[in-house]
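Source file: final.txt (compact mmCIF, C-alpha atoms and all ligand atoms)
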# COMPACT_ATOMS: atom_id res chain seq x y z
CA MET A 1 88.71 5.79 -108.17
CA GLN A 2 91.74 7.57 -109.50
CA PRO A 3 91.04 11.33 -109.51
CA THR A 4 91.10 13.05 -112.87
CA ILE A 5 92.08 16.58 -111.92
CA LYS A 6 95.75 17.14 -111.13
CA PRO A 7 97.30 20.16 -109.41
CA SER A 8 98.41 22.52 -112.16
CA ASN A 9 101.67 22.92 -110.22
CA PRO A 10 102.81 19.71 -108.46
CA ASN A 11 105.69 21.46 -106.62
CA PHE A 12 105.03 21.03 -102.90
CA SER A 13 108.66 20.78 -101.77
CA SER A 14 109.71 22.43 -98.50
CA GLY A 15 112.71 24.05 -100.13
CA PRO A 16 113.43 25.19 -102.72
CA CYS A 17 109.71 25.89 -102.75
CA ALA A 18 107.33 26.52 -105.64
CA LYS A 19 107.85 29.68 -107.65
CA ARG A 20 105.19 32.31 -107.19
CA PRO A 21 102.04 32.17 -109.34
CA GLY A 22 102.73 33.87 -112.67
CA TYR A 23 106.51 33.61 -112.27
CA ASP A 24 108.39 34.06 -115.52
CA VAL A 25 112.16 34.07 -115.50
CA SER A 26 112.18 36.31 -118.57
CA GLY A 27 110.41 38.99 -116.52
CA LEU A 28 113.39 39.49 -114.18
CA ALA A 29 115.30 42.80 -114.27
CA LEU A 30 118.64 41.49 -115.50
CA GLU A 31 120.64 44.65 -116.25
CA THR A 32 122.98 43.73 -113.35
CA LEU A 33 124.13 40.50 -115.02
CA GLY A 34 127.73 40.59 -116.17
CA ARG A 35 128.38 43.71 -114.09
CA SER A 36 130.35 44.05 -110.86
CA HIS A 37 128.25 43.67 -107.75
CA ARG A 38 130.21 46.70 -106.52
CA SER A 39 129.17 48.88 -109.48
CA ALA A 40 126.57 51.55 -108.77
CA LEU A 41 124.01 49.33 -110.49
CA GLY A 42 124.96 46.23 -108.49
CA LYS A 43 125.03 48.07 -105.19
CA LYS A 44 121.66 49.62 -105.92
CA ALA A 45 120.07 46.19 -106.45
CA LEU A 46 121.70 44.75 -103.33
CA GLY A 47 120.80 47.86 -101.31
CA LEU A 48 117.19 47.47 -102.44
CA ALA A 49 117.21 43.81 -101.37
CA CYS A 50 118.00 45.10 -97.85
CA SER A 51 115.80 48.21 -97.72
CA GLU A 52 112.77 46.64 -99.41
CA THR A 53 113.00 43.69 -97.02
CA ALA A 54 112.94 46.09 -94.05
CA ARG A 55 110.03 48.08 -95.49
CA ILE A 56 107.85 45.12 -96.46
CA LEU A 57 108.48 43.22 -93.22
CA GLY A 58 107.83 46.41 -91.21
CA LEU A 59 111.07 46.16 -89.22
CA PRO A 60 111.42 48.58 -86.31
CA GLU A 61 113.68 51.63 -86.61
CA GLY A 62 117.34 50.74 -86.14
CA TYR A 63 117.07 47.12 -87.32
CA ARG A 64 119.71 46.19 -89.93
CA VAL A 65 119.30 43.79 -92.87
CA ALA A 66 122.15 42.14 -94.79
CA VAL A 67 122.54 39.64 -97.60
CA VAL A 68 125.18 37.12 -96.47
CA PRO A 69 126.80 33.97 -97.90
CA GLY A 70 125.70 30.41 -97.21
CA SER A 71 121.91 30.68 -97.22
CA ASP A 72 120.09 30.50 -93.88
CA THR A 73 122.78 28.26 -92.41
CA GLY A 74 125.42 30.87 -93.23
CA ALA A 75 123.34 33.63 -91.66
CA ILE A 76 122.57 31.86 -88.38
CA GLU A 77 126.10 30.48 -87.98
CA MET A 78 127.58 33.92 -88.67
CA ALA A 79 125.36 35.30 -85.90
CA MET A 80 126.17 32.51 -83.43
CA TRP A 81 129.91 32.73 -84.08
CA SER A 82 129.84 36.53 -83.69
CA MET A 83 127.65 36.84 -80.60
CA LEU A 84 127.59 33.69 -78.48
CA GLY A 85 129.94 33.12 -75.56
CA ALA A 86 129.32 36.47 -73.85
CA ARG A 87 126.63 34.80 -71.66
CA GLY A 88 125.17 31.38 -71.06
CA VAL A 89 122.98 29.93 -73.79
CA ASP A 90 119.54 28.31 -73.80
CA VAL A 91 119.12 26.39 -77.04
CA LEU A 92 115.77 24.92 -77.99
CA GLU A 93 115.58 21.73 -80.02
CA TRP A 94 112.53 19.94 -81.38
CA GLU A 95 113.57 18.74 -84.82
CA SER A 96 116.55 18.34 -87.12
CA PHE A 97 117.74 21.89 -87.83
CA SER A 98 117.35 23.08 -84.25
CA GLY A 99 119.43 19.99 -83.40
CA ALA A 100 122.11 21.18 -85.83
CA TRP A 101 122.40 24.46 -83.90
CA VAL A 102 122.83 22.45 -80.67
CA THR A 103 125.73 20.62 -82.34
CA ASP A 104 127.27 23.95 -83.34
CA ILE A 105 126.98 25.35 -79.83
CA VAL A 106 127.98 22.28 -77.84
CA GLN A 107 130.43 20.43 -80.08
CA GLN A 108 131.91 23.11 -82.31
CA LEU A 109 131.89 26.30 -80.23
CA LYS A 110 132.19 24.16 -77.08
CA LEU A 111 130.47 26.81 -74.95
CA PRO A 112 130.59 26.05 -71.23
CA ASN A 113 127.24 27.24 -69.91
CA VAL A 114 124.56 25.73 -72.16
CA ASN A 115 121.05 24.49 -71.41
CA VAL A 116 119.81 22.24 -74.20
CA ARG A 117 116.01 22.16 -74.03
CA ARG A 118 114.90 19.22 -76.10
CA ALA A 119 111.49 17.93 -77.18
CA ASP A 120 110.54 15.07 -79.48
CA TYR A 121 109.26 15.41 -83.04
CA GLY A 122 105.69 16.69 -82.84
CA ASP A 123 106.23 18.44 -79.53
CA ILE A 124 107.81 21.76 -78.58
CA THR A 125 110.14 22.75 -75.76
CA ASP A 126 108.47 24.17 -72.63
CA LEU A 127 108.68 27.85 -73.55
CA ALA A 128 107.67 29.05 -70.08
CA THR A 129 110.92 27.93 -68.47
CA VAL A 130 113.42 29.49 -70.89
CA ASN A 131 116.07 31.60 -69.15
CA PHE A 132 116.27 34.98 -70.84
CA ASP A 133 119.31 36.04 -68.81
CA ASN A 134 121.00 33.70 -71.25
CA ASP A 135 121.12 34.11 -75.01
CA VAL A 136 118.32 32.04 -76.50
CA VAL A 137 118.75 30.19 -79.82
CA PHE A 138 115.70 28.65 -81.47
CA VAL A 139 113.89 28.04 -84.76
CA TRP A 140 110.58 29.83 -85.29
CA ASN A 141 109.28 27.01 -87.45
CA GLY A 142 110.71 23.51 -87.28
CA THR A 143 110.62 22.67 -90.97
CA THR A 144 111.22 18.97 -90.42
CA SER A 145 108.48 18.43 -87.81
CA GLY A 146 105.90 21.03 -88.79
CA VAL A 147 105.97 22.48 -85.28
CA LYS A 148 106.20 26.25 -84.88
CA VAL A 149 106.40 28.69 -82.02
CA PRO A 150 102.79 29.84 -81.45
CA HIS A 151 103.59 33.53 -80.79
CA GLY A 152 106.17 35.72 -79.09
CA ASP A 153 104.41 36.25 -75.75
CA TRP A 154 106.89 33.94 -73.98
CA ILE A 155 109.76 36.32 -74.80
CA PRO A 156 110.05 39.15 -72.27
CA ALA A 157 110.58 42.71 -73.51
CA ASN A 158 113.09 43.32 -70.72
CA ARG A 159 115.30 40.28 -71.39
CA THR A 160 119.01 40.71 -70.72
CA GLY A 161 120.16 37.98 -73.13
CA LEU A 162 119.69 38.09 -76.88
CA THR A 163 117.20 36.05 -78.91
CA LEU A 164 118.69 34.40 -82.01
CA CYS A 165 115.93 33.05 -84.22
CA ASP A 166 116.33 30.87 -87.30
CA ALA A 167 113.07 31.73 -89.05
CA THR A 168 113.83 30.44 -92.50
CA SER A 169 110.49 28.74 -93.05
CA ALA A 170 108.52 31.39 -91.13
CA VAL A 171 109.39 34.88 -92.39
CA PHE A 172 106.64 36.18 -94.75
CA ALA A 173 104.27 33.41 -93.60
CA MET A 174 104.04 33.93 -89.84
CA ASP A 175 103.54 36.97 -87.65
CA MET A 176 106.99 37.83 -86.33
CA PRO A 177 107.21 39.98 -83.16
CA TRP A 178 110.27 41.88 -84.35
CA ASP A 179 110.86 43.77 -81.10
CA LYS A 180 111.24 40.42 -79.31
CA LEU A 181 113.82 39.16 -81.79
CA ASP A 182 117.44 40.32 -81.83
CA VAL A 183 118.68 38.14 -84.67
CA VAL A 184 116.45 36.71 -87.39
CA THR A 185 117.67 34.69 -90.34
CA TYR A 186 115.98 33.26 -93.40
CA SER A 187 116.69 32.32 -96.98
CA TRP A 188 115.02 33.22 -100.26
CA GLN A 189 113.98 29.77 -101.44
CA LYS A 190 111.34 29.15 -98.78
CA VAL A 191 108.18 31.25 -98.40
CA LEU A 192 109.06 33.53 -101.35
CA GLY A 193 109.97 30.71 -103.71
CA GLY A 194 113.28 32.44 -104.46
CA GLU A 195 116.67 30.92 -105.17
CA GLY A 196 119.07 29.25 -102.73
CA GLY A 197 122.58 30.32 -101.78
CA HIS A 198 122.03 33.60 -99.98
CA GLY A 199 121.08 34.20 -96.38
CA MET A 200 119.25 37.15 -94.88
CA LEU A 201 120.53 38.43 -91.55
CA ILE A 202 118.38 40.83 -89.53
CA LEU A 203 119.86 42.46 -86.41
CA SER A 204 118.24 44.51 -83.66
CA PRO A 205 120.13 47.43 -82.12
CA ARG A 206 120.88 45.19 -79.09
CA ALA A 207 122.49 42.61 -81.36
CA VAL A 208 124.63 45.34 -82.90
CA GLU A 209 125.68 46.46 -79.41
CA ARG A 210 126.77 42.90 -78.63
CA ILE A 211 128.79 42.60 -81.83
CA GLU A 212 130.58 45.87 -81.14
CA ALA A 213 131.22 45.22 -77.43
CA TYR A 214 132.21 41.54 -77.57
CA ASP A 215 135.16 39.78 -79.16
CA PRO A 216 134.76 35.99 -79.25
CA ALA A 217 137.72 33.84 -78.22
CA TRP A 218 137.78 31.92 -81.52
CA PRO A 219 139.08 32.97 -84.94
CA MET A 220 136.51 34.40 -87.32
CA PRO A 221 136.63 33.42 -91.01
CA LYS A 222 136.17 36.24 -93.47
CA VAL A 223 132.69 35.03 -94.51
CA PHE A 224 131.51 35.47 -90.88
CA ARG A 225 133.14 38.85 -90.20
CA MET A 226 130.75 41.77 -89.81
CA LYS A 227 132.87 44.06 -87.68
CA SER A 228 135.89 46.19 -88.48
CA GLY A 229 137.87 48.35 -86.06
CA GLY A 230 135.45 47.45 -83.25
CA LYS A 231 132.43 48.73 -85.22
CA LEU A 232 129.70 46.99 -87.19
CA MET A 233 130.40 47.15 -90.92
CA GLU A 234 127.35 49.26 -91.71
CA ALA A 235 128.01 49.05 -95.46
CA LEU A 236 127.23 45.32 -95.31
CA PHE A 237 123.71 46.29 -94.26
CA GLN A 238 123.37 48.62 -97.25
CA GLY A 239 124.21 46.04 -99.88
CA GLU A 240 128.01 45.86 -99.82
CA THR A 241 128.20 42.11 -99.45
CA ILE A 242 131.18 40.28 -97.90
CA ASN A 243 131.89 38.40 -101.12
CA THR A 244 130.34 37.97 -104.54
CA PRO A 245 126.64 37.16 -104.63
CA SER A 246 124.65 35.85 -107.61
CA MET A 247 123.09 38.92 -109.18
CA LEU A 248 120.64 36.60 -110.94
CA CYS A 249 119.40 35.38 -107.55
CA VAL A 250 119.22 38.99 -106.33
CA ALA A 251 117.05 39.92 -109.34
CA ASP A 252 114.86 36.92 -108.57
CA TYR A 253 114.52 38.01 -104.92
CA LEU A 254 113.56 41.57 -105.91
CA ASP A 255 110.93 40.10 -108.23
CA ALA A 256 109.55 38.02 -105.33
CA LEU A 257 109.38 41.10 -103.09
CA LYS A 258 107.43 42.97 -105.79
CA TRP A 259 104.96 40.11 -105.88
CA VAL A 260 104.59 40.27 -102.07
CA ASP A 261 103.82 43.99 -102.41
CA SER A 262 101.28 43.31 -105.14
CA ILE A 263 99.24 40.94 -102.96
CA GLY A 264 99.07 43.21 -99.93
CA GLY A 265 102.45 42.64 -98.29
CA VAL A 266 103.06 40.24 -95.45
CA THR A 267 99.36 40.27 -94.57
CA GLY A 268 98.72 38.86 -98.04
CA THR A 269 101.40 36.18 -97.90
CA MET A 270 100.35 35.09 -94.40
CA ALA A 271 96.70 34.86 -95.48
CA ARG A 272 97.62 32.69 -98.48
CA SER A 273 99.61 30.34 -96.28
CA GLU A 274 96.85 30.09 -93.64
CA ALA A 275 94.26 29.36 -96.33
CA ASN A 276 96.52 26.63 -97.70
CA LEU A 277 96.81 25.01 -94.28
CA GLN A 278 93.02 25.12 -93.98
CA VAL A 279 92.69 22.83 -97.01
CA ILE A 280 94.80 20.18 -95.27
CA GLU A 281 93.05 20.73 -91.93
CA ASP A 282 89.67 20.07 -93.57
CA PHE A 283 91.06 16.94 -95.22
CA VAL A 284 92.60 15.60 -92.00
CA ALA A 285 89.35 16.27 -90.12
CA ALA A 286 87.48 14.14 -92.67
CA ASN A 287 89.94 11.21 -92.79
CA ASP A 288 90.92 9.10 -89.80
CA TRP A 289 94.01 7.56 -91.45
CA ILE A 290 95.96 10.80 -91.54
CA SER A 291 96.97 13.23 -88.77
CA PHE A 292 99.30 16.11 -88.07
CA LEU A 293 102.69 15.31 -86.58
CA SER A 294 102.33 18.47 -84.49
CA LYS A 295 100.50 17.46 -81.32
CA SER A 296 98.93 20.85 -80.73
CA LYS A 297 96.93 23.03 -83.11
CA THR A 298 98.58 26.16 -81.72
CA THR A 299 102.02 24.94 -82.76
CA ARG A 300 100.90 23.50 -86.11
CA SER A 301 102.99 24.92 -88.92
CA ASN A 302 101.24 26.71 -91.76
CA THR A 303 104.23 26.27 -94.07
CA SER A 304 105.92 22.87 -93.64
CA VAL A 305 102.86 20.77 -92.90
CA CYS A 306 103.97 17.37 -91.60
CA LEU A 307 101.54 14.46 -91.59
CA THR A 308 101.66 10.93 -90.22
CA LEU A 309 99.65 8.08 -91.70
CA LYS A 310 98.21 4.79 -90.52
CA ALA A 311 100.60 2.91 -92.77
CA SER A 312 104.03 1.31 -92.55
CA ASP A 313 107.15 3.34 -93.33
CA ASP A 314 107.50 1.41 -96.54
CA GLN A 315 103.90 2.12 -97.57
CA VAL A 316 104.35 5.83 -96.88
CA LYS A 317 107.47 5.86 -99.01
CA LYS A 318 105.64 4.10 -101.85
CA MET A 319 102.80 6.58 -101.57
CA ALA A 320 105.14 9.55 -102.06
CA GLN A 321 106.74 7.76 -105.02
CA LEU A 322 103.35 7.00 -106.56
CA LEU A 323 102.23 10.62 -106.27
CA GLU A 324 105.47 11.74 -107.86
CA SER A 325 105.21 9.27 -110.73
CA GLU A 326 101.63 10.41 -111.39
CA GLY A 327 102.96 13.98 -111.61
CA VAL A 328 100.64 15.26 -108.88
CA ALA A 329 103.06 15.96 -106.00
CA TYR A 330 106.84 16.22 -106.03
CA ASP A 331 109.14 15.99 -102.99
CA ILE A 332 106.53 15.41 -100.30
CA ALA A 333 108.17 12.56 -98.37
CA ALA A 334 109.05 13.55 -94.79
CA TYR A 335 112.57 14.83 -94.10
CA LYS A 336 115.14 12.02 -93.96
CA ASP A 337 115.69 12.27 -90.17
CA ALA A 338 112.02 12.86 -89.25
CA PRO A 339 109.36 10.21 -88.53
CA ALA A 340 107.99 8.66 -91.75
CA GLY A 341 105.15 10.64 -93.25
CA LEU A 342 104.32 13.33 -95.75
CA ARG A 343 105.39 16.96 -95.70
CA ILE A 344 103.40 19.30 -97.87
CA TRP A 345 104.53 22.89 -98.27
CA CYS A 346 101.76 25.41 -97.72
CA GLY A 347 103.74 28.65 -98.04
CA ALA A 348 102.50 31.68 -99.93
CA THR A 349 103.65 30.63 -103.39
CA VAL A 350 101.51 27.49 -103.36
CA GLU A 351 98.04 27.92 -104.84
CA GLN A 352 95.10 26.85 -102.69
CA SER A 353 93.47 25.30 -105.76
CA ASP A 354 96.50 23.04 -106.23
CA LEU A 355 96.20 21.75 -102.66
CA GLN A 356 92.49 21.19 -103.20
CA ALA A 357 93.30 19.17 -106.29
CA LEU A 358 95.94 17.19 -104.41
CA MET A 359 93.75 16.01 -101.51
CA PRO A 360 91.72 13.36 -103.42
CA TRP A 361 95.01 12.02 -104.77
CA LEU A 362 96.21 11.42 -101.20
CA SER A 363 93.15 9.25 -100.55
CA TRP A 364 93.65 7.39 -103.80
CA ALA A 365 97.37 6.79 -103.23
CA PHE A 366 96.76 5.70 -99.63
CA GLY A 367 94.24 3.14 -100.91
CA GLN A 368 96.69 1.92 -103.54
CA VAL A 369 99.55 1.29 -101.12
CA THR A 370 97.53 -0.11 -98.21
CA GLN A 371 95.38 -2.45 -100.29
CA ALA A 372 98.22 -3.76 -102.43
C1 LIG B 1 114.71 25.52 -89.77
C2 LIG B 1 115.77 25.45 -90.84
N1 LIG B 1 116.98 25.97 -90.61
C3 LIG B 1 117.94 25.93 -91.54
C4 LIG B 1 117.74 25.35 -92.76
C5 LIG B 1 118.84 25.33 -93.76
O1 LIG B 1 118.57 26.34 -94.68
P1 LIG B 1 119.55 26.70 -95.86
O2 LIG B 1 119.61 25.50 -96.73
O3 LIG B 1 118.88 27.88 -96.49
O4 LIG B 1 120.87 27.03 -95.25
C6 LIG B 1 116.50 24.81 -93.07
C7 LIG B 1 116.25 24.17 -94.38
O5 LIG B 1 115.22 23.64 -94.66
C8 LIG B 1 115.50 24.86 -92.08
O6 LIG B 1 114.32 24.36 -92.34
Before we go any further, please render this structure as structure tokens.
Ligand SMILES: Cc1ncc(COP(=O)(O)O)c(C=O)c1O
Amino acid sequence: MQPTIKPSNPNFSSGPCAKRPGYDVSGLALETLGRSHRSALGKKALGLACSETARILGLPEGYRVAVVPGSDTGAIEMAMWSMLGARGVDVLEWESFSGAWVTDIVQQLKLPNVNVRRADYGDITDLATVNFDNDVVFVWNGTTSGVKVPHGDWIPANRTGLTLCDATSAVFAMDMPWDKLDVVTYSWQKVLGGEGGHGMLILSPRAVERIEAYDPAWPMPKVFRMKSGGKLMEALFQGETINTPSMLCVADYLDALKWVDSIGGVTGTMARSEANLQVIEDFVAANDWISFLSKSKTTRSNTSVCLTLKASDDQVKKMAQLLESEGVAYDIAAYKDAPAGLRIWCGATVEQSDLQALMPWLSWAFGQVTQA
């Protein structure tokens, strides 16, 4: 039987993700629009984007936060181009984006001393054998496979290399061990349901030391430069961006941070995401035709939840199309390079009740495409 109740918000995309509950674009503080981002007003908003991020995430003393160009990709590439090459590199790959960072390191930067530690979709690299005398580049959550790092216990406090972590689909949804992470990047359009285009770059004091002490052999484009006269450009970490940001997106980000505060901070956003995952876990437990792509529960993502079905690739594709045409779930087909399946975003901005409403539709759509 076709269900009658539809999710009130069918947006389950893994980025840009659903806007927060109660979001209203007319509620944004827009006095910065049409003004210079270097005016006192503009700088105040951008400075707040940095300082409120540090406060709400509970970053340790001495950690810096900047808004940089090019979304998460811009932030992680800026970090890799500025810091890598001083030591060997261990780079961990278990899905598409982590693979993109391997390409950067091996084919673009052409670094000589690189260990690529690869695992298939659904699996994760053996974390116990990572060499922390090297710099270590990894994603916290593999958005295209739904496989996340389970915790930070595998990262030693006394490492000599740096850890560079692309955490774009993890920050605000997963418990980040900040003292184990020297570089963390994310973008606004994931867990917070913000807008794309801007990257967040978080640096530990050890990362700052590296930037100041090390000059890479390659040229550095202006959009990657965060050092001047041998010193970190501290103003960048107080809101003086490298180039012009969208002040509309900044206003939207500040609005998202206020919402995080209003629901109890990161504890609140993590709890919402975990509760969302639980809805899918209950559904998978009750249905033998659907399973998680992640082989282990401990590495199962609570944001980009990837599912495989007992159906052909073509049937899975039809199922996603059917759900979209019924207006119950948009953008839930697996990532283009990942194994066929569904990917349902369970980040903080998604309402648990919408996932509950969606589950019977999955059963219905599966029946439609497999019995046809
Ligand atoms: C793990 C990971 N890294 C990087 C990116 C690229 O992010 P952006 O489009 O914000 O640059 C994504 C996008 O989904 C991602 O999931």
- Given a cut-off of 10 Å, what residues near ligand LIG 1 (chain B) show up using only C-alpha atoms and all ligand atoms, put as a PyMOL selection string? chain A and resi 14-16+69-77+95-101+138-146+148+165-170+185-190+195-200+304+335
- Item | Close residues, Val183 (chain A) itself excluded, 7 Å, only C-alpha atoms, min 2 positions apart in chain, as a VMD selection string | chain A and resid 163 to 165 181 185 202 to 204 207
Written file, previous selection with C-alpha atoms, as an mmCIF file, keeping the file's coordinate frame:
data_model
loop_
_atom_site.group_PDB
_atom_site.id
_atom_site.type_symbol
_atom_site.label_atom_id
_atom_site.label_comp_id
_atom_site.auth_asym_id
_atom_site.auth_seq_id
_atom_site.Cartn_x
_atom_site.Cartn_y
_atom_site.Cartn_z
ATOM 1 C CA THR A 163 117.200 36.050 -78.910
ATOM 2 C CA LEU A 164 118.690 34.400 -82.010
ATOM 3 C CA CYS A 165 115.930 33.050 -84.220
ATOM 4 C CA LEU A 181 113.820 39.160 -81.790
ATOM 5 C CA THR A 185 117.670 34.690 -90.340
ATOM 6 C CA ILE A 202 118.380 40.830 -89.530
ATOM 7 C CA LEU A 203 119.860 42.460 -86.410
ATOM 8 C CA SER A 204 118.240 44.510 -83.660
ATOM 9 C CA ALA A 207 122.490 42.610 -81.360
#
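The spacing separating CA of Lys180 (chain A) from CA of His151 (chain A) amounts to 10.4 Å.
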- Message: Would you compute the distance between CA of Glu61 (chain A) and CA of Gly239 (chain A)? Give it in Å to one decimal.
- Response: 17.8 Å
- Message: Residues within 12 Å of Lys227 (chain A), please, as a VMD selection string. Count all atoms listed in the file; anything in the same chain fewer than 2 positions from it doesn't count.
- Response: chain A and resid 78 to 79 82 to 83 208 to 216 220 to 225 229 to 237 242
- Hey, what's within 9 Å of region 41-46 of chain A if we count only C-alpha atoms and toss same-chain stuff fewer than 4 positions away? As a list in words, please? Glu31, Thr32, Leu33, Arg35, Ser36, His37, Cys50, Ser51, Ala66, Val67, Gln238, Gly239, Glu240, Thr241, Met247, Val250, Ala251 and Leu254 of chain A
- Measuring atom to atom with only C-alpha atoms, identify which of A:Met176, A:Ala333, A:Val102, A:Leu248 is nearest to Gly34 (chain A). A:Leu248
